[in-house]
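For reference, upload_39.cif is printed below; it contains mmCIF, C-alpha atoms and all ligand atoms.
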data_start
loop_
_atom_site.label_atom_id
_atom_site.label_comp_id
_atom_site.auth_asym_id
_atom_site.auth_seq_id
_atom_site.Cartn_x
_atom_site.Cartn_y
_atom_site.Cartn_z
CA MET B 179 5.78 13.28 -16.71
CA PRO B 180 2.51 14.88 -15.61
CA VAL B 181 0.88 11.80 -14.03
CA THR B 182 2.86 9.17 -12.16
CA VAL B 183 1.37 6.20 -10.33
CA VAL B 184 3.25 4.55 -7.48
CA VAL B 185 2.21 1.01 -6.71
CA GLY B 186 3.49 -1.71 -4.40
CA ALA B 187 4.76 -4.67 -6.43
CA GLN B 188 4.57 -7.27 -3.65
CA TRP B 189 2.29 -7.76 -0.62
CA GLY B 190 2.61 -4.26 0.80
CA ASP B 191 5.06 -2.53 3.12
CA GLU B 192 7.59 -2.12 0.31
CA GLY B 193 8.59 1.34 1.49
CA LYS B 194 6.25 3.23 -0.81
CA ALA B 195 6.05 6.22 1.51
CA LYS B 196 9.72 6.99 1.17
CA VAL B 197 9.62 6.86 -2.62
CA ILE B 198 6.45 8.94 -2.64
CA ASP B 199 8.16 11.40 -0.35
CA LEU B 200 11.06 11.63 -2.81
CA LEU B 201 8.80 11.98 -5.87
CA SER B 202 6.57 14.51 -4.08
CA LYS B 203 9.28 17.11 -4.63
CA GLU B 204 8.31 17.23 -8.33
CA HIS B 205 4.53 16.96 -7.93
CA ALA B 206 1.89 19.53 -7.02
CA TYR B 207 -0.78 16.99 -6.04
CA VAL B 208 -0.32 13.72 -4.17
CA VAL B 209 -3.43 11.58 -4.42
CA ARG B 210 -4.47 8.40 -2.57
CA TYR B 211 -6.68 6.30 -4.86
CA GLN B 212 -7.82 3.25 -2.86
CA GLY B 213 -7.66 1.47 0.48
CA GLY B 214 -8.16 3.18 3.79
CA HIS B 215 -6.55 3.28 7.20
CA ASN B 216 -5.46 -0.34 6.76
CA ALA B 217 -2.38 1.23 5.16
CA GLY B 218 0.54 2.51 7.17
CA HIS B 219 3.05 4.93 5.71
CA THR B 220 6.15 5.80 7.65
CA VAL B 221 8.53 8.57 6.64
CA VAL B 222 11.53 9.55 8.73
CA VAL B 223 12.41 13.25 8.44
CA ASP B 224 15.35 14.65 10.45
CA GLY B 225 15.13 11.64 12.75
CA GLU B 226 11.42 12.33 13.39
CA LYS B 227 9.05 9.57 12.43
CA TYR B 228 5.73 10.38 10.75
CA ALA B 229 3.31 7.45 10.58
CA LEU B 230 0.30 8.14 8.39
CA GLN B 231 -2.57 5.85 7.51
CA LEU B 232 -4.92 7.98 5.42
CA ILE B 233 -3.45 11.34 4.55
CA PRO B 234 -1.01 11.15 1.63
CA SER B 235 2.55 11.44 2.89
CA GLY B 236 3.07 14.34 0.43
CA ILE B 237 1.50 16.46 3.19
CA LEU B 238 4.98 16.87 4.64
CA TYR B 239 5.78 19.27 1.77
CA ASP B 240 4.36 22.81 1.75
CA HIS B 241 3.89 22.88 -2.03
CA VAL B 242 1.83 19.66 -2.17
CA ILE B 243 -1.97 19.54 -2.22
CA PRO B 244 -2.88 16.20 -0.66
CA VAL B 245 -6.01 14.53 -2.04
CA ILE B 246 -8.01 11.58 -0.74
CA ALA B 247 -9.74 10.52 -3.94
CA ASN B 248 -13.02 8.72 -4.56
CA GLY B 249 -11.59 5.18 -4.43
CA VAL B 250 -10.54 5.50 -0.78
CA VAL B 251 -12.72 4.44 2.15
CA VAL B 252 -12.37 7.07 4.86
CA ASP B 253 -12.39 6.46 8.60
CA LEU B 254 -13.20 9.84 10.11
CA PRO B 255 -11.78 9.29 13.63
CA THR B 256 -8.46 8.31 12.03
CA LEU B 257 -8.54 11.25 9.62
CA PHE B 258 -9.08 13.80 12.39
CA ASN B 259 -6.54 12.13 14.61
CA GLU B 260 -3.97 12.48 11.82
CA ILE B 261 -4.94 16.08 11.16
CA ASP B 262 -4.58 16.91 14.88
CA THR B 263 -1.28 15.08 15.21
CA LEU B 264 0.17 16.81 12.16
CA ALA B 265 -1.11 20.18 13.38
CA SER B 266 0.51 19.64 16.78
CA ARG B 267 3.81 19.13 14.93
CA GLY B 268 3.36 22.35 12.96
CA ILE B 269 2.17 20.82 9.68
CA ASP B 270 -0.63 22.65 7.88
CA THR B 271 -3.42 20.38 6.67
CA SER B 272 -5.84 23.05 5.46
CA GLN B 273 -5.10 22.19 1.81
CA LEU B 274 -6.33 18.61 2.20
CA LYS B 275 -9.16 17.61 -0.16
CA VAL B 276 -11.47 14.65 0.36
CA SER B 277 -13.51 13.48 -2.61
CA SER B 278 -17.26 13.93 -2.23
CA LEU B 279 -17.54 10.45 -3.78
CA ALA B 280 -15.32 8.68 -1.24
CA HIS B 281 -17.21 6.23 0.98
CA LEU B 282 -17.04 6.57 4.74
CA ILE B 283 -16.27 3.83 7.25
CA PHE B 284 -18.62 3.44 10.23
CA PRO B 285 -18.37 1.40 13.43
CA TRP B 286 -20.66 -1.29 11.98
CA HIS B 287 -18.03 -1.97 9.30
CA GLN B 288 -15.49 -2.71 12.00
CA ALA B 289 -18.02 -4.90 13.82
CA HIS B 290 -18.70 -6.89 10.62
CA ASP B 291 -14.97 -7.24 9.90
CA ALA B 292 -14.44 -8.81 13.34
CA ILE B 293 -17.49 -11.08 13.01
CA ALA B 294 -16.45 -12.28 9.53
CA GLU B 295 -12.92 -13.05 10.71
CA ALA B 296 -14.21 -14.91 13.80
CA MET B 297 -16.56 -16.95 11.62
CA ARG B 298 -13.66 -18.05 9.40
CA GLY B 299 -12.14 -19.90 12.38
CA ASP B 300 -8.74 -21.31 11.40
CA ASP B 301 -9.08 -19.93 7.90
CA LYS B 302 -8.81 -16.26 8.83
CA ILE B 303 -7.65 -13.75 6.22
CA GLY B 304 -5.82 -11.85 8.92
CA THR B 305 -7.43 -8.51 8.01
CA THR B 306 -6.45 -5.34 9.81
CA LEU B 307 -9.97 -5.32 11.38
CA LYS B 308 -10.41 -1.71 10.25
CA GLY B 309 -13.70 -2.38 8.47
CA ILE B 310 -12.22 -2.00 5.00
CA GLY B 311 -13.83 -5.06 3.37
CA PRO B 312 -17.33 -4.36 4.78
CA ALA B 313 -17.11 -0.68 3.72
CA TYR B 314 -16.28 -1.68 0.13
CA ALA B 315 -19.00 -4.35 0.30
CA ASP B 316 -21.53 -1.65 1.24
CA LYS B 317 -20.29 0.48 -1.66
CA ALA B 318 -20.94 -2.46 -4.01
CA ARG B 319 -24.33 -3.16 -2.34
CA ARG B 320 -25.19 0.51 -2.92
CA VAL B 321 -25.92 1.26 0.71
CA GLY B 322 -22.74 3.22 1.46
CA ILE B 323 -22.63 6.76 2.82
CA ARG B 324 -20.23 9.11 1.08
CA ALA B 325 -18.19 12.14 2.11
CA GLY B 326 -20.42 14.40 0.00
CA ASP B 327 -23.40 13.33 2.11
CA VAL B 328 -22.10 15.34 5.06
CA LEU B 329 -22.83 18.54 3.14
CA ASN B 330 -26.50 18.06 3.96
CA ALA B 331 -26.24 17.65 7.72
CA GLU B 332 -29.84 16.66 8.36
CA ARG B 333 -29.91 14.02 5.64
CA PHE B 334 -26.50 12.72 6.73
CA SER B 335 -27.73 12.29 10.28
CA SER B 336 -30.80 10.33 9.18
CA LEU B 337 -28.75 8.16 6.78
CA VAL B 338 -26.38 7.25 9.63
CA ARG B 339 -29.30 6.45 11.96
CA GLU B 340 -31.07 4.35 9.33
CA ARG B 341 -27.96 2.32 8.52
CA ALA B 342 -26.96 1.90 12.18
CA LEU B 343 -30.40 0.49 13.03
CA ALA B 344 -30.35 -1.89 10.05
CA GLU B 345 -26.77 -3.02 10.74
CA ASN B 346 -27.54 -3.63 14.41
CA VAL B 347 -30.03 -6.30 13.38
CA LEU B 348 -27.32 -8.12 11.42
CA ILE B 349 -24.71 -7.67 14.16
CA GLU B 350 -27.07 -9.13 16.77
CA GLN B 351 -28.02 -12.03 14.49
CA ALA B 352 -24.33 -12.86 14.20
CA GLY B 353 -23.96 -12.80 18.00
CA GLY B 354 -22.15 -9.47 18.18
CA ASP B 355 -22.77 -6.54 20.54
CA PRO B 356 -25.20 -3.99 19.07
CA LEU B 357 -24.00 -0.43 18.60
CA ASP B 358 -25.35 2.44 20.69
CA VAL B 359 -27.20 4.12 17.81
CA ASP B 360 -27.67 7.52 19.47
CA ASP B 361 -24.02 7.67 20.38
CA VAL B 362 -22.92 6.73 16.82
CA VAL B 363 -25.26 9.33 15.30
CA ALA B 364 -24.06 12.06 17.66
CA ARG B 365 -20.39 11.30 17.05
CA PHE B 366 -20.81 11.22 13.28
CA GLU B 367 -22.86 14.42 13.22
CA ALA B 368 -19.84 16.12 14.78
CA PHE B 369 -17.41 14.36 12.43
CA GLY B 370 -19.57 15.33 9.45
CA GLU B 371 -19.49 18.97 10.44
CA ARG B 372 -15.73 18.82 10.75
CA LEU B 373 -15.31 17.02 7.40
CA ALA B 374 -17.43 19.44 5.37
CA PRO B 375 -14.72 22.05 4.63
CA TYR B 376 -12.41 19.38 3.23
CA VAL B 377 -14.98 17.84 0.86
CA ALA B 378 -14.34 18.63 -2.80
CA ASP B 379 -15.12 17.61 -6.35
CA THR B 380 -11.70 16.02 -6.72
CA VAL B 381 -12.42 14.67 -10.22
CA SER B 382 -12.77 18.22 -11.58
CA LEU B 383 -9.94 19.44 -9.35
CA LEU B 384 -7.49 16.87 -10.74
CA HIS B 385 -8.52 17.31 -14.37
CA ASP B 386 -8.30 21.09 -14.07
CA ALA B 387 -4.90 20.79 -12.42
CA LEU B 388 -3.70 18.56 -15.24
CA ALA B 389 -5.03 20.95 -17.86
CA ALA B 390 -3.17 23.77 -16.11
CA GLY B 391 0.10 21.83 -16.39
CA SER B 392 0.39 20.52 -12.83
CA HIS B 393 2.03 17.20 -12.09
CA LEU B 394 0.07 14.59 -10.16
CA LEU B 395 1.36 11.68 -8.12
CA LEU B 396 -1.16 8.89 -7.60
CA GLU B 397 -0.34 6.84 -4.54
CA GLY B 398 -1.56 3.25 -4.21
CA ALA B 399 -1.95 1.67 -0.79
CA GLN B 400 -1.42 -2.06 -0.09
CA ALA B 401 -0.02 -3.71 -3.21
CA THR B 402 -0.34 -5.74 -6.38
CA PHE B 403 -0.67 -9.16 -4.73
CA LEU B 404 -3.30 -7.88 -2.28
CA ASP B 405 -5.43 -6.74 -5.24
CA LEU B 406 -9.01 -7.98 -5.04
CA ASP B 407 -8.87 -9.40 -8.58
CA HIS B 408 -5.21 -10.20 -9.13
CA GLY B 409 -3.94 -11.03 -5.66
CA THR B 410 -3.93 -14.31 -3.78
CA TYR B 411 -7.72 -14.39 -3.33
CA PRO B 412 -9.28 -14.61 -0.75
CA TYR B 413 -6.18 -13.44 1.15
CA VAL B 414 -6.40 -9.97 -0.36
CA THR B 415 -7.74 -6.55 0.43
CA SER B 416 -11.10 -5.41 -0.96
CA SER B 417 -9.93 -2.83 -3.49
CA ASN B 418 -7.69 -2.63 -6.57
CA PRO B 419 -4.23 -1.33 -5.67
CA THR B 420 -3.00 -2.22 -9.20
CA ALA B 421 -2.45 0.78 -11.48
CA GLY B 422 -5.83 0.34 -13.19
CA GLY B 423 -7.37 1.11 -9.80
CA ALA B 424 -5.76 4.54 -10.01
CA CYS B 425 -8.12 5.43 -12.88
CA ALA B 426 -11.31 4.20 -11.24
CA GLY B 427 -10.15 5.56 -7.91
CA THR B 428 -9.47 9.12 -9.12
CA GLY B 429 -11.59 9.65 -12.23
CA LEU B 430 -8.52 10.16 -14.41
CA GLY B 431 -8.47 8.13 -17.62
CA PRO B 432 -5.91 5.45 -18.61
CA ARG B 433 -4.37 7.75 -21.23
CA ASP B 434 -3.68 10.38 -18.57
CA ILE B 435 -1.07 8.14 -16.94
CA ASP B 436 2.52 8.50 -18.15
CA ARG B 437 4.65 6.64 -15.69
CA VAL B 438 4.06 3.73 -13.28
CA VAL B 439 6.69 3.12 -10.61
CA GLY B 440 6.63 -0.28 -8.92
CA ILE B 441 8.09 -0.48 -5.43
CA THR B 442 9.73 -3.67 -4.30
CA LYS B 443 11.84 -4.53 -1.32
CA ALA B 444 15.09 -6.44 -1.96
CA TYR B 445 13.34 -9.34 -0.22
CA THR B 446 9.68 -10.16 0.36
CA THR B 447 7.32 -9.78 3.31
CA ARG B 448 3.67 -10.47 3.90
CA VAL B 449 1.41 -9.75 6.85
CA GLY B 450 -1.71 -11.83 7.32
CA ALA B 451 -2.47 -15.25 5.84
CA GLY B 452 -2.10 -16.59 2.31
CA PRO B 453 0.44 -18.36 0.09
CA PHE B 454 4.05 -17.09 0.00
CA PRO B 455 6.41 -19.19 -2.17
CA THR B 456 9.75 -17.80 -0.94
CA GLU B 457 8.82 -17.60 2.75
CA LEU B 458 11.66 -18.51 5.12
CA PHE B 459 11.17 -20.36 8.40
CA ASP B 460 14.85 -20.42 9.38
CA GLY B 461 17.44 -18.08 10.84
CA ASP B 462 17.63 -16.10 7.59
CA GLY B 463 13.92 -15.34 7.90
CA GLU B 464 14.46 -14.21 11.51
CA THR B 465 17.32 -11.97 10.39
CA LEU B 466 15.19 -10.34 7.69
CA VAL B 467 12.48 -9.58 10.25
CA ASP B 468 14.90 -8.34 12.91
CA VAL B 469 17.23 -6.28 10.74
CA GLY B 470 14.40 -5.09 8.48
CA LYS B 471 12.21 -4.22 11.53
CA GLU B 472 9.38 -6.07 9.87
CA TYR B 473 6.48 -5.29 12.16
CA GLY B 474 3.24 -3.75 10.87
CA THR B 475 2.85 0.04 11.15
CA VAL B 476 -0.90 -0.33 11.69
CA THR B 477 -1.38 -3.54 13.64
CA GLY B 478 2.12 -4.13 15.03
CA ARG B 479 1.97 -7.69 13.70
CA ARG B 480 5.22 -9.49 12.89
CA ARG B 481 5.53 -9.83 9.14
CA ARG B 482 6.37 -13.09 7.40
CA ALA B 483 9.60 -12.79 5.43
CA GLY B 484 11.44 -14.49 2.56
CA TRP B 485 13.71 -13.93 -0.44
CA LEU B 486 12.95 -11.67 -3.37
CA ASP B 487 10.55 -13.30 -5.84
CA LEU B 488 11.02 -12.21 -9.44
CA VAL B 489 8.14 -14.36 -10.75
CA MET B 490 5.88 -12.05 -8.74
CA LEU B 491 7.70 -8.98 -9.99
CA ARG B 492 7.34 -10.03 -13.64
CA GLN B 493 3.61 -10.41 -13.02
CA ALA B 494 3.54 -7.00 -11.32
CA VAL B 495 5.14 -5.46 -14.41
CA ARG B 496 2.34 -6.89 -16.54
CA LEU B 497 -0.54 -6.07 -14.23
CA ASN B 498 0.49 -2.47 -13.69
CA SER B 499 2.31 -1.56 -16.94
CA LEU B 500 5.25 -0.73 -14.69
CA THR B 501 7.75 1.55 -16.40
CA GLU B 502 10.42 1.29 -13.71
CA LEU B 503 11.20 -0.11 -10.27
CA ALA B 504 12.33 1.34 -6.99
CA LEU B 505 14.24 -1.33 -5.06
CA THR B 506 14.06 -0.58 -1.35
CA LYS B 507 15.89 -1.84 1.75
CA LEU B 508 18.84 -3.33 -0.12
CA ASP B 509 20.92 -2.55 3.00
CA ILE B 510 18.94 -5.12 5.00
CA LEU B 511 20.83 -7.82 3.06
CA ASP B 512 24.26 -6.40 4.05
CA GLY B 513 25.03 -9.04 6.67
CA PHE B 514 24.10 -12.17 4.70
CA GLU B 515 26.83 -14.57 3.58
CA THR B 516 24.69 -15.65 0.67
CA VAL B 517 21.67 -13.97 -0.82
CA LYS B 518 19.01 -15.71 -2.88
CA ILE B 519 16.72 -14.46 -5.64
CA CYS B 520 13.83 -16.55 -6.92
CA THR B 521 13.80 -16.46 -10.73
CA ALA B 522 11.21 -19.19 -11.46
CA TYR B 523 8.98 -21.74 -9.73
CA ARG B 524 8.89 -25.51 -9.97
CA LEU B 525 5.54 -27.27 -9.94
CA ASP B 526 5.26 -31.06 -10.24
CA GLY B 527 8.62 -31.21 -12.02
CA GLU B 528 7.81 -28.40 -14.44
CA VAL B 529 9.48 -24.97 -14.46
CA LEU B 530 7.09 -22.00 -14.35
CA ARG B 531 8.23 -18.50 -15.26
CA ASN B 532 4.75 -17.03 -15.14
CA TYR B 533 2.84 -16.39 -11.94
CA PRO B 534 0.04 -18.99 -11.54
CA ASP B 535 -3.55 -17.73 -11.70
CA ARG B 536 -4.75 -19.75 -8.68
CA SER B 537 -3.84 -19.30 -5.02
CA ASP B 538 -3.88 -23.06 -4.38
CA ILE B 539 -1.18 -23.46 -7.03
CA VAL B 540 0.84 -20.53 -5.66
CA ALA B 541 0.72 -22.39 -2.32
CA ARG B 542 2.28 -25.51 -3.93
CA VAL B 543 5.11 -24.08 -6.07
CA GLU B 544 8.75 -24.37 -5.04
CA PRO B 545 11.06 -21.45 -5.71
CA ILE B 546 14.09 -21.88 -7.98
CA TYR B 547 16.85 -19.62 -6.72
CA GLU B 548 19.85 -17.85 -8.16
CA VAL B 549 22.35 -17.76 -5.28
CA LEU B 550 24.77 -14.86 -4.84
CA ASP B 551 27.59 -14.27 -2.38
CA GLY B 552 26.76 -11.47 0.05
CA TRP B 553 28.60 -8.15 -0.34
CA GLY B 554 29.67 -7.98 3.28
CA SER B 555 29.73 -4.19 3.64
CA ALA B 556 27.31 -1.52 4.80
CA LEU B 557 25.48 0.30 1.99
CA ARG B 558 23.88 2.94 4.20
CA GLU B 559 26.25 5.84 3.45
CA MET B 560 26.42 5.20 -0.29
CA ARG B 561 24.81 7.86 -2.48
CA ASP B 562 26.17 6.90 -5.89
CA ALA B 563 25.53 3.67 -7.80
CA ASP B 564 29.24 3.37 -8.58
CA GLN B 565 30.04 3.13 -4.86
CA LEU B 566 28.03 -0.08 -4.50
CA PRO B 567 30.07 -3.26 -4.07
CA ASP B 568 30.11 -5.38 -7.25
CA LEU B 569 27.94 -8.07 -5.66
CA ALA B 570 25.26 -5.54 -4.73
CA LYS B 571 25.38 -4.16 -8.29
CA ARG B 572 24.99 -7.71 -9.53
CA PHE B 573 21.88 -8.11 -7.39
CA VAL B 574 20.27 -5.07 -9.00
CA GLU B 575 21.33 -6.19 -12.47
CA ILE B 576 19.73 -9.62 -11.98
CA VAL B 577 16.47 -7.90 -11.07
CA GLU B 578 16.59 -5.76 -14.22
CA ARG B 579 17.57 -8.72 -16.42
CA GLU B 580 14.81 -10.99 -15.13
CA VAL B 581 12.06 -8.42 -14.91
CA GLY B 582 12.80 -6.49 -18.10
CA ILE B 583 12.37 -2.93 -16.80
CA PRO B 584 14.92 -0.57 -15.28
CA VAL B 585 15.54 -0.01 -11.60
CA ARG B 586 15.74 3.75 -10.99
CA ILE B 587 15.97 4.11 -7.23
CA VAL B 588 17.79 1.93 -4.71
CA GLY B 589 16.99 2.34 -1.01
CA VAL B 590 19.97 1.90 1.34
CA GLY B 591 18.61 3.00 4.73
CA ALA B 592 15.59 4.22 6.70
CA GLU B 593 16.14 7.99 6.57
CA ARG B 594 14.57 10.25 3.98
CA ASP B 595 17.88 10.69 2.10
CA ASP B 596 19.13 7.10 2.31
CA TYR B 597 18.79 6.21 -1.34
CA LEU B 598 20.74 6.39 -4.55
CA LEU B 599 19.74 6.82 -8.16
CA TRP B 600 20.56 3.87 -10.36
CA SER B 601 20.81 3.91 -14.10
CA THR B 602 20.71 0.65 -16.05
CA SER B 603 24.03 -1.10 -16.55
CA ALA B 604 23.91 -0.29 -20.26
CA ALA B 605 23.70 3.41 -19.48
CA ARG B 606 26.39 3.41 -16.75
P1 LIG H 1 -7.86 -5.67 5.02
O1 LIG H 1 -7.33 -4.75 3.98
O2 LIG H 1 -7.84 -5.08 6.41
O3 LIG H 1 -9.21 -6.23 4.66
O4 LIG H 1 -6.88 -6.95 5.11
C1 LIG H 1 -6.76 -7.87 4.04
C2 LIG H 1 -5.32 -8.34 3.90
O5 LIG H 1 -4.52 -7.26 3.42
C3 LIG H 1 -4.66 -8.81 5.19
O6 LIG H 1 -3.75 -9.87 4.87
C4 LIG H 1 -3.89 -7.60 5.65
O7 LIG H 1 -2.79 -7.94 6.47
C5 LIG H 1 -3.42 -7.07 4.32
N1 LIG H 1 -3.16 -5.62 4.33
C6 LIG H 1 -4.05 -4.62 4.36
N2 LIG H 1 -3.44 -3.42 4.32
C7 LIG H 1 -2.13 -3.67 4.27
C8 LIG H 1 -0.97 -2.83 4.17
O8 LIG H 1 -1.04 -1.60 4.10
N3 LIG H 1 0.22 -3.47 4.15
C9 LIG H 1 0.32 -4.83 4.15
N4 LIG H 1 -0.72 -5.64 4.22
C10 LIG H 1 -1.94 -5.08 4.28
#

If you convert what's in this file into C-alpha cells, what do you get?
Ligand code: IMP
Amino acid sequence: MPVTVVVGAQWGDEGKAKVIDLLSKEHAYVVRYQGGHNAGHTVVVDGEKYALQLIPSGILYDHVIPVIANGVVVDLPTLFNEIDTLASRGIDTSQLKVSSLAHLIFPWHQAHDAIAEAMRGDDKIGTTLKGIGPAYADKARRVGIRAGDVLNAERFSSLVRERALAENVLIEQAGGDPLDVDDVVARFEAFGERLAPYVADTVSLLHDALAAGSHLLLEGAQATFLDLDHGTYPYVTSSNPTAGGACAGTGLGPRDIDRVVGITKAYTTRVGAGPFPTELFDGDGETLVDVGKEYGTVTGRRRRAGWLDLVMLRQAVRLNSLTELALTKLDILDGFETVKICTAYRLDGEVLRNYPDRSDIVARVEPIYEVLDGWGSALREMRDADQLPDLAKRFVEIVEREVGIPVRIVGVGAERDDYLLWSTSAAR
C-alpha cells in the first residue's frame, strides 16, 4: 500500500501517534498535512516520553524522512524547540523537510486568537490559543507569509515588518497590546535563516518518491469532528483533518491514496467547547479521565469524556473513506462493571442512525446504548487477539458490526508495543 492516510475519527487525542509510530516501520516518508502546533503527539519509547507538536512522530525512526507539507501552519519557535530537544536526545533531524508552500505563524496570529476568544465571552471555542485559526484566515485572505519566503531574506524581512505594522493597528483597535515590531522582525530574520535549509518543494519530493516506489504515510492532526467543514462548527479547528485534506495538504491526488486508517479510542473525549452526545458527568466519566490520563498534551486541559459513539464513527467512515480502524486504549475500560456503546441517537422520539448535519441538533440528541458486562481483567500484557476475554472481543465485534469496516489494531496500553493485531471475527 504505497500511500496510507491516518486520521482521527473522533475529536482528537485518539492515540494517533502510537499507530503512526507502528506504521512508520513500513513507510519511508511520514508527512503532516494540516494543523499546526495545536496538535500534541506523545509516543513512549523504552519508558521515555516524546511529546511532539509539529514534527511528524516518524522522526523517531532512522529510515523515515519526516515532511511538514503545505497544508500545515508552522510556528517557528516551536519547530526549533522540537529540533533542539530531539537533538539533545540524540535524534537526527537533518532529514526534515518543510514545504515552501506552508504558511508561517507569527505573534500577531496568537494575539488575534486571544482577542477573538475573549470577544466570544461565554461562547468561547476553547481554542489552543496557538494562532492556528488566524494563520489559516490570513492564508485565505491571501496575506500569509510562507516558508518559501525565507529563501529571499531581504524580502522576508520586509514582508514581516509590513504585516506586523498592519496587524498592530488591528490589535490596538481591539484593545490588545501592540507588538514590538523591531523585536518581531529581528527574531523572525534569525528564524528565517535557520529555516532555510529545511525548506523544500515537497510536492515534487513526494511525487518523485512515489514514482520511485517509496511508501508514504500521511498523518492528520486533530480529527474528523474538528474538521472545519464537517465538524461541530464553530467548535472546530480551522483546517480539514478529514482524508480529503490530505490531498490538498500535500499535493498528492485522490487516486494516489490506497488506504485510510481511522483511529478511535474505545471511548470518546473532547477538549474545548461544543456538543458531545455521549459525554458523562458522573463517576464513570471521572474514571475515564483518571485512568485514561485525559489531560491535553499541549494545553494541559482536562478533557471531557464519555462512552464510545458509533454514530460518529459511521460518519467518520463516510467522510474519510476509512478502510479500517485502529481501536486504542481498550485497556482503560478494564475496571468497569458495565461498558456502554452508543449505536444510535434519539431525537424527539425518533431514532437516528446517521450523524446530524447541524451542531444544534447534535447538542440535543440522546444516545441509545448497547450495554455490555465489563471483562474484569487487565488487557495490558495481551499480544494476541485470542487472549482477549470474550467480553472484550465482543466489544470489538460490536464496533465492526455497527461501523461496517474491520478493526485491525487494538491498543492495550501506553507503551510503544502495547497493542495487538486483530483480524475480523470471520477471518479468525
Ligand atoms: P484551535 O485548533 O487551536 O483553533 O482550536 C479549535 C478547537 O480544536 C478547540 O476545541 C481545541 O481544543 C481543539 N483542538 C485543536 N487541536 C487539537 C488536538 O490536537 N487535539 C484535540 N483537540 C484539539

Pick out the residues sitting within 8 Å of range 304-321 of chain B, and hand them over as a PDB file with C-alpha atoms, in the frame of the given file; count only C-alpha atoms, and ignore anything fewer than 6 positions along from it in its own chain.
ATOM      1  CA  GLY B 213      -7.660   1.470   0.480  1.00  0.00           C
ATOM      2  CA  GLY B 214      -8.160   3.180   3.790  1.00  0.00           C
ATOM      3  CA  HIS B 215      -6.550   3.280   7.200  1.00  0.00           C
ATOM      4  CA  ASN B 216      -5.460  -0.340   6.760  1.00  0.00           C
ATOM      5  CA  VAL B 251     -12.720   4.440   2.150  1.00  0.00           C
ATOM      6  CA  HIS B 281     -17.210   6.230   0.980  1.00  0.00           C
ATOM      7  CA  LEU B 282     -17.040   6.570   4.740  1.00  0.00           C
ATOM      8  CA  ILE B 283     -16.270   3.830   7.250  1.00  0.00           C
ATOM      9  CA  PHE B 284     -18.620   3.440  10.230  1.00  0.00           C
ATOM     10  CA  PRO B 285     -18.370   1.400  13.430  1.00  0.00           C
ATOM     11  CA  TRP B 286     -20.660  -1.290  11.980  1.00  0.00           C
ATOM     12  CA  HIS B 287     -18.030  -1.970   9.300  1.00  0.00           C
ATOM     13  CA  GLN B 288     -15.490  -2.710  12.000  1.00  0.00           C
ATOM     14  CA  ALA B 289     -18.020  -4.900  13.820  1.00  0.00           C
ATOM     15  CA  HIS B 290     -18.700  -6.890  10.620  1.00  0.00           C
ATOM     16  CA  ASP B 291     -14.970  -7.240   9.900  1.00  0.00           C
ATOM     17  CA  ALA B 292     -14.440  -8.810  13.340  1.00  0.00           C
ATOM     18  CA  GLU B 295     -12.920 -13.050  10.710  1.00  0.00           C
ATOM     19  CA  TYR B 413      -6.180 -13.440   1.150  1.00  0.00           C
ATOM     20  CA  THR B 415      -7.740  -6.550   0.430  1.00  0.00           C
ATOM     21  CA  SER B 416     -11.100  -5.410  -0.960  1.00  0.00           C
ATOM     22  CA  SER B 417      -9.930  -2.830  -3.490  1.00  0.00           C
ATOM     23  CA  VAL B 449       1.410  -9.750   6.850  1.00  0.00           C
ATOM     24  CA  GLY B 450      -1.710 -11.830   7.320  1.00  0.00           C
ATOM     25  CA  ALA B 451      -2.470 -15.250   5.840  1.00  0.00           C
ATOM     26  CA  VAL B 476      -0.900  -0.330  11.690  1.00  0.00           C
ATOM     27  CA  THR B 477      -1.380  -3.540  13.640  1.00  0.00           C
TER      28      THR B 477
END

Compile the contact shell of Arg496 in chain B as a list in words: residues with an atom at most 12 Å away, counting all atoms listed in the file, same-chain residues fewer than 6 positions apart removed.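 Those residues are Ala187, Thr402, His408, Thr420, Ala421, Gly422, Val438, Gly440, Val489, Met490, Glu502, Asn532, Tyr533, Val581, Gly582 and Ile583 of chain B.
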
Atom-to-atom span, CA of Val184 in chain B and CA of Pro567 in chain B, Å: 28.1 Å

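Pairwise distance (CA of Val221 in chain B, CA of Glu260 in chain B) equals 14.1 Å.
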
I need the residue nearest Asp405 in chain B from this list: B:Val540, B:Gly193, B:Gly423, B:Arg594. Use only C-alpha atoms for the distance.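 Answer, going by the shortest atom-to-atom distance: B:Gly423.
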
Residue with the minimum atom-to-atom distance to Ala352 in chain B, picked from B:Asp436, B:Gly429, B:Leu395, B:Met297 with all atoms listed in the file counted, is B:Met297

Sel. within 8 Å of pt (2.1, -16.2, -7.1), counting only C-alpha atoms, output as a VMD selection string: chain B and resid 403 410 453 to 455 489 to 490 533 to 537 539 to 541

Protein and nucleic acid residues near (3.7, 5.6, -12.3) (cut-off 10 Å, only C-alpha atoms) as an MDAnalysis selection string: chainID B and resid 179:185 394:398 421 424 435:440 498:503

Using only C-alpha atoms for the distances, tell me which of B:Tyr523, B:Trp189, B:Phe573, B:Tyr597 is nearest to Leu557 in chain B. B:Tyr597

Go through B:Asp358, B:Asp462, B:Glu472, B:Glu367 and flag the residue nearest ligand LIG 1 (chain H), using only C-alpha atoms and all ligand atoms for the distances. B:Glu472

Would you please work out which residue, of B:Asp199, B:Asp301, B:Asp262, B:Asp460, is nearest to ligand LIG 1 (chain H) when using all atoms listed in the file?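 Among B:Asp199, B:Asp301, B:Asp262, B:Asp460, it is B:Asp301 that comes nearest to ligand LIG 1 (chain H).
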
Given all atoms listed in the file as the counted atoms, nearest of B:Gly249, B:Gly409, B:Gly474, B:Gly589 to Thr506 in chain B: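 Looking only at the distances to Thr506 in chain B, the closest residue turns out to be B:Gly589.
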
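Our summary of the geometry notes that atom N3 of ligand LIG 1 (chain H) is positioned 24.4 Å from CA of Glu544 in chain B.
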
Leaving out Leu343 in chain B and any residue of its chain fewer than 4 positions from it, which residues lie within 12 Å of it when counting only C-alpha atoms, given as a ChimeraX atom specification? /B:286,336-339,347-350,356-360,362-363

Per-axis box centre and lengths in Å around range 433-447 of chain B, 3 Å margin per side, axis-aligned, as AutoDock Vina command-line options:
--center_x 5.4 --center_y 0.1 --center_z -9.0 --size_x 25.5 --size_y 26.5 --size_z 30.5

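Residues within 9 Å of Ala374 in chain B, counting all atoms listed in the file and excluding same-chain residues fewer than 3 positions away, are Ala325, Gly326, Val328, Leu329, Phe369, Gly370, Glu371, Val377 and Ala378 of chain B.
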